[in-house]
Amino acid sequence: MIVAAALPLVAEYGATVTTSQIARAAGIGEATIFRAFKDKEEVLDACVAEAVGPDHVLRELASISLDEPLATRLTEAAEALRAHMERMGTVIGALHASGHLRGRAAGPAARDAGDGPPPDARARSVAALRHGIIELLAPDRTAFRLSPEKVASAFLGLLFTRLQSPAAEGDDAPLTPEELISVLLHGTLDASPGSA
C-alpha cells in the first residue's frame, strides 16, 4: 500500500518526495511508514524494486483473454509491456534526475547496473515475461512454423527494439504495436501477386 501510493509521487518528484507526501497519498500517518521502512531511502529502493519487477505486467498478461484473436492478444501484450517499460523508465529517470541513484550503492533493486535489478533477477524477469507471452500463444500453437518459445522470443526482441528506438516521425518512426504484430505474424514481404 505504501509503495503503491509512493510510486506516482516518486515518478513525479524523484528523491525530493517527502514521507509526509507519501503518507497523505497512502491515507496513513507518517509514523506508519517508519514502522514498515527504516527510512526514506528504503522506501525509494522499494519503489525501484516495484517499478522494475515484472509482477504487475505479468498479471496484465494473464488477464488477456485467450478467446481474443491472436493479433489482438499480442497487441494487448505489447501495450502492457510498453506501459511497464515506461513506468520503469519514469521512476528510475526521476530518481536519477534528482540525484538519488547516482554514485550510490543502492538497495538490491538498484545494484550492479547502477539502477536496474541484478543480472540474475533481470534474467528471471525476462524468462517470466517470455513465459507469459508463450501462454498467450498457446491457443494458436499449431499455426506457427516455429515453436511458441521462439515466437515469444522474437516478439520480445522486436518489442524491446521498438521501445529503445529514438522518437522519430514518418518512415523513421518506431513500429506501432499493430505494425510490430503484423511483421511478427506475416513478415515484411508484400503478399500481393507479382511481388518478391
# chains A, B, ... in the order shown; residues from 1 in each chain; ligands from 1
>>> residues_around(residues="A:Val43", least_positions_apart="5", cutoff="10 Å", atoms="only C-alpha atoms", output="JSON, numbers by chain")
{"A": [2, 3, 6, 7, 10, 19, 22, 33, 34, 36, 37, 38, 48, 49]}
>>> select_by_dssp(residues="chain A", states="alpha helix (DSSP H)", output="ChimeraX atom specification")
/A:2-13,19-26,30-36,40-52,55-62,70-97,119-137,148-164,177-186
>>> atom_distance(atom1="atom CA of A:Leu137", atom2="atom CA of A:Arg59")
16.1 Å
>>> residues_around(residues="A:Glu79", least_positions_apart="2", cutoff="12 Å", atoms="only C-alpha atoms", output="PDB file with C-alpha atoms, in the first residue's frame")
ATOM      1  CA  VAL A  57       2.826  -6.711 -16.126  1.00  0.00           C
ATOM      2  CA  GLU A  60      -1.854  -7.870 -17.043  1.00  0.00           C
ATOM      3  CA  LEU A  61      -0.631 -10.518 -19.487  1.00  0.00           C
ATOM      4  CA  ILE A  64      -5.702 -11.038 -21.590  1.00  0.00           C
ATOM      5  CA  THR A  72      -5.437  -8.747 -30.593  1.00  0.00           C
ATOM      6  CA  ARG A  73      -3.831 -10.734 -27.766  1.00  0.00           C
ATOM      7  CA  LEU A  74      -0.347  -9.778 -28.918  1.00  0.00           C
ATOM      8  CA  THR A  75      -1.273  -6.110 -29.398  1.00  0.00           C
ATOM      9  CA  GLU A  76      -2.647  -6.011 -25.846  1.00  0.00           C
ATOM     10  CA  ALA A  77       0.538  -7.680 -24.612  1.00  0.00           C
ATOM     11  CA  LEU A  81       4.814  -4.267 -21.848  1.00  0.00           C
ATOM     12  CA  ARG A  82       5.186  -0.723 -23.236  1.00  0.00           C
ATOM     13  CA  ALA A  83       3.385   0.671 -20.175  1.00  0.00           C
ATOM     14  CA  HIS A  84       5.634  -1.410 -17.891  1.00  0.00           C
ATOM     15  CA  MET A  85       8.805  -0.135 -19.578  1.00  0.00           C
ATOM     16  CA  GLU A  86       7.515   3.432 -19.496  1.00  0.00           C
ATOM     17  CA  LEU A 159       9.159  -5.077 -28.929  1.00  0.00           C
ATOM     18  CA  PHE A 160      12.236  -4.164 -26.902  1.00  0.00           C
ATOM     19  CA  ARG A 162      10.929  -0.775 -30.814  1.00  0.00           C
ATOM     20  CA  LEU A 163      10.846   0.619 -27.274  1.00  0.00           C
ATOM     21  CA  THR A 176       3.394   0.826 -33.947  1.00  0.00           C
ATOM     22  CA  PRO A 177       2.192  -2.163 -31.921  1.00  0.00           C
ATOM     23  CA  GLU A 178      -0.040  -3.159 -34.832  1.00  0.00           C
ATOM     24  CA  LEU A 180       5.080  -4.943 -34.948  1.00  0.00           C
ATOM     25  CA  ILE A 181       2.467  -7.701 -34.693  1.00  0.00           C
TER      26      ILE A 181
END
>>> residues_around(residues="A:Cys47", least_positions_apart="3", cutoff="10 Å", atoms="only C-alpha atoms", output="PyMOL selection string")
chain A and resi 2-8+10-11+41-44+50-53+88+91-92+109
>>> closest_residue(among="A:Gly157, A:Gly89, A:Pro69, A:Pro119", to="A:Asp140", atoms="only C-alpha atoms")
A:Pro69
>>> closest_residue(among="A:Leu58, A:Leu184, A:Val17, A:Leu70", to="A:Val126", atoms="only C-alpha atoms")
A:Leu58
>>> closest_residue(among="A:His186, A:Arg124, A:Arg35, A:Arg130", to="A:Ala143", atoms="only C-alpha atoms")
A:His186
>>> atom_distance(atom1="atom CA of A:Glu30", atom2="atom CA of A:Glu12")
19.5 Å
>>> atom_distance(atom1="atom CA of A:Ser125", atom2="atom CA of A:His56")
11.5 Å
>>> decode(residues="stretch 76-103 of chain A", atoms="N, CA, C and O atoms", output="tab-separated table (two decimals), in the first residue's frame")
chain	number	residue	atom	x	y	z
A	76	GLU	N	-2.41	-6.33	-27.26
A	76	GLU	CA	-2.65	-6.01	-25.85
A	76	GLU	C	-1.40	-6.28	-25.02
A	76	GLU	O	-1.06	-5.51	-24.12
A	77	ALA	N	-0.70	-7.36	-25.32
A	77	ALA	CA	0.54	-7.68	-24.61
A	77	ALA	C	1.59	-6.61	-24.88
A	77	ALA	O	2.30	-6.18	-23.96
A	78	ALA	N	1.69	-6.18	-26.14
A	78	ALA	CA	2.67	-5.14	-26.49
A	78	ALA	C	2.37	-3.85	-25.72
A	78	ALA	O	3.29	-3.19	-25.22
A	79	GLU	N	1.10	-3.50	-25.60
A	79	GLU	CA	0.72	-2.29	-24.87
A	79	GLU	C	1.03	-2.43	-23.38
A	79	GLU	O	1.52	-1.48	-22.75
A	80	ALA	N	0.77	-3.59	-22.80
A	80	ALA	CA	1.06	-3.82	-21.39
A	80	ALA	C	2.57	-3.73	-21.13
A	80	ALA	O	3.00	-3.11	-20.15
A	81	LEU	N	3.36	-4.31	-22.01
A	81	LEU	CA	4.81	-4.27	-21.85
A	81	LEU	C	5.35	-2.85	-22.08
A	81	LEU	O	6.27	-2.41	-21.38
A	82	ARG	N	4.77	-2.11	-23.02
A	82	ARG	CA	5.19	-0.72	-23.24
A	82	ARG	C	4.91	0.11	-21.98
A	82	ARG	O	5.75	0.88	-21.53
A	83	ALA	N	3.74	-0.07	-21.38
A	83	ALA	CA	3.39	0.67	-20.17
A	83	ALA	C	4.33	0.32	-19.03
A	83	ALA	O	4.75	1.19	-18.26
A	84	HIS	N	4.70	-0.96	-18.92
A	84	HIS	CA	5.63	-1.41	-17.89
A	84	HIS	C	6.99	-0.74	-18.08
A	84	HIS	O	7.58	-0.20	-17.13
A	85	MET	N	7.50	-0.74	-19.31
A	85	MET	CA	8.80	-0.14	-19.58
A	85	MET	C	8.76	1.38	-19.35
A	85	MET	O	9.71	1.96	-18.83
A	86	GLU	N	7.66	1.99	-19.70
A	86	GLU	CA	7.51	3.43	-19.50
A	86	GLU	C	7.50	3.76	-18.01
A	86	GLU	O	8.15	4.71	-17.56
A	87	ARG	N	6.77	2.98	-17.23
A	87	ARG	CA	6.71	3.21	-15.79
A	87	ARG	C	8.09	3.03	-15.17
A	87	ARG	O	8.53	3.85	-14.35
A	88	MET	N	8.78	1.98	-15.58
A	88	MET	CA	10.12	1.73	-15.07
A	88	MET	C	11.04	2.91	-15.40
A	88	MET	O	11.75	3.41	-14.54
A	89	GLY	N	11.00	3.36	-16.65
A	89	GLY	CA	11.85	4.47	-17.06
A	89	GLY	C	11.52	5.77	-16.35
A	89	GLY	O	12.41	6.55	-15.99
A	90	THR	N	10.23	6.00	-16.12
A	90	THR	CA	9.81	7.23	-15.45
A	90	THR	C	10.31	7.27	-14.01
A	90	THR	O	10.85	8.28	-13.56
A	91	VAL	N	10.14	6.17	-13.29
A	91	VAL	CA	10.56	6.12	-11.89
A	91	VAL	C	12.08	6.24	-11.78
A	91	VAL	O	12.60	7.07	-11.02
A	92	ILE	N	12.79	5.43	-12.54
A	92	ILE	CA	14.25	5.47	-12.46
A	92	ILE	C	14.78	6.81	-12.98
A	92	ILE	O	15.70	7.38	-12.39
A	93	GLY	N	14.19	7.33	-14.05
A	93	GLY	CA	14.61	8.62	-14.57
A	93	GLY	C	14.41	9.75	-13.56
A	93	GLY	O	15.28	10.63	-13.41
A	94	ALA	N	13.28	9.75	-12.86
A	94	ALA	CA	13.02	10.78	-11.86
A	94	ALA	C	14.01	10.68	-10.70
A	94	ALA	O	14.49	11.70	-10.19
A	95	LEU	N	14.35	9.47	-10.31
A	95	LEU	CA	15.32	9.31	-9.23
A	95	LEU	C	16.71	9.74	-9.69
A	95	LEU	O	17.44	10.39	-8.94
A	96	HIS	N	17.08	9.40	-10.92
A	96	HIS	CA	18.37	9.86	-11.45
A	96	HIS	C	18.42	11.38	-11.52
A	96	HIS	O	19.40	12.00	-11.12
A	97	ALA	N	17.35	11.98	-12.04
A	97	ALA	CA	17.33	13.43	-12.21
A	97	ALA	C	17.45	14.16	-10.88
A	97	ALA	O	18.02	15.25	-10.81
A	98	SER	N	16.95	13.55	-9.82
A	98	SER	CA	17.04	14.18	-8.50
A	98	SER	C	18.28	13.72	-7.75
A	98	SER	O	18.45	14.05	-6.58
A	99	GLY	N	19.16	12.95	-8.42
A	99	GLY	CA	20.43	12.56	-7.83
A	99	GLY	C	20.41	11.35	-6.93
A	99	GLY	O	21.41	10.98	-6.34
A	100	HIS	N	19.28	10.69	-6.82
A	100	HIS	CA	19.17	9.58	-5.87
A	100	HIS	C	20.03	8.38	-6.23
A	100	HIS	O	20.66	7.80	-5.37
A	101	LEU	N	20.06	7.97	-7.48
A	101	LEU	CA	20.75	6.73	-7.84
A	101	LEU	C	22.19	6.94	-8.31
A	101	LEU	O	22.90	5.98	-8.54
A	102	ARG	N	22.61	8.18	-8.45
A	102	ARG	CA	23.96	8.44	-8.95
A	102	ARG	C	25.00	8.12	-7.89
A	102	ARG	O	24.97	8.67	-6.80
A	103	GLY	N	25.94	7.25	-8.27
A	103	GLY	CA	27.11	7.01	-7.45
A	103	GLY	C	26.84	6.51	-6.05
A	103	GLY	O	27.62	6.71	-5.16
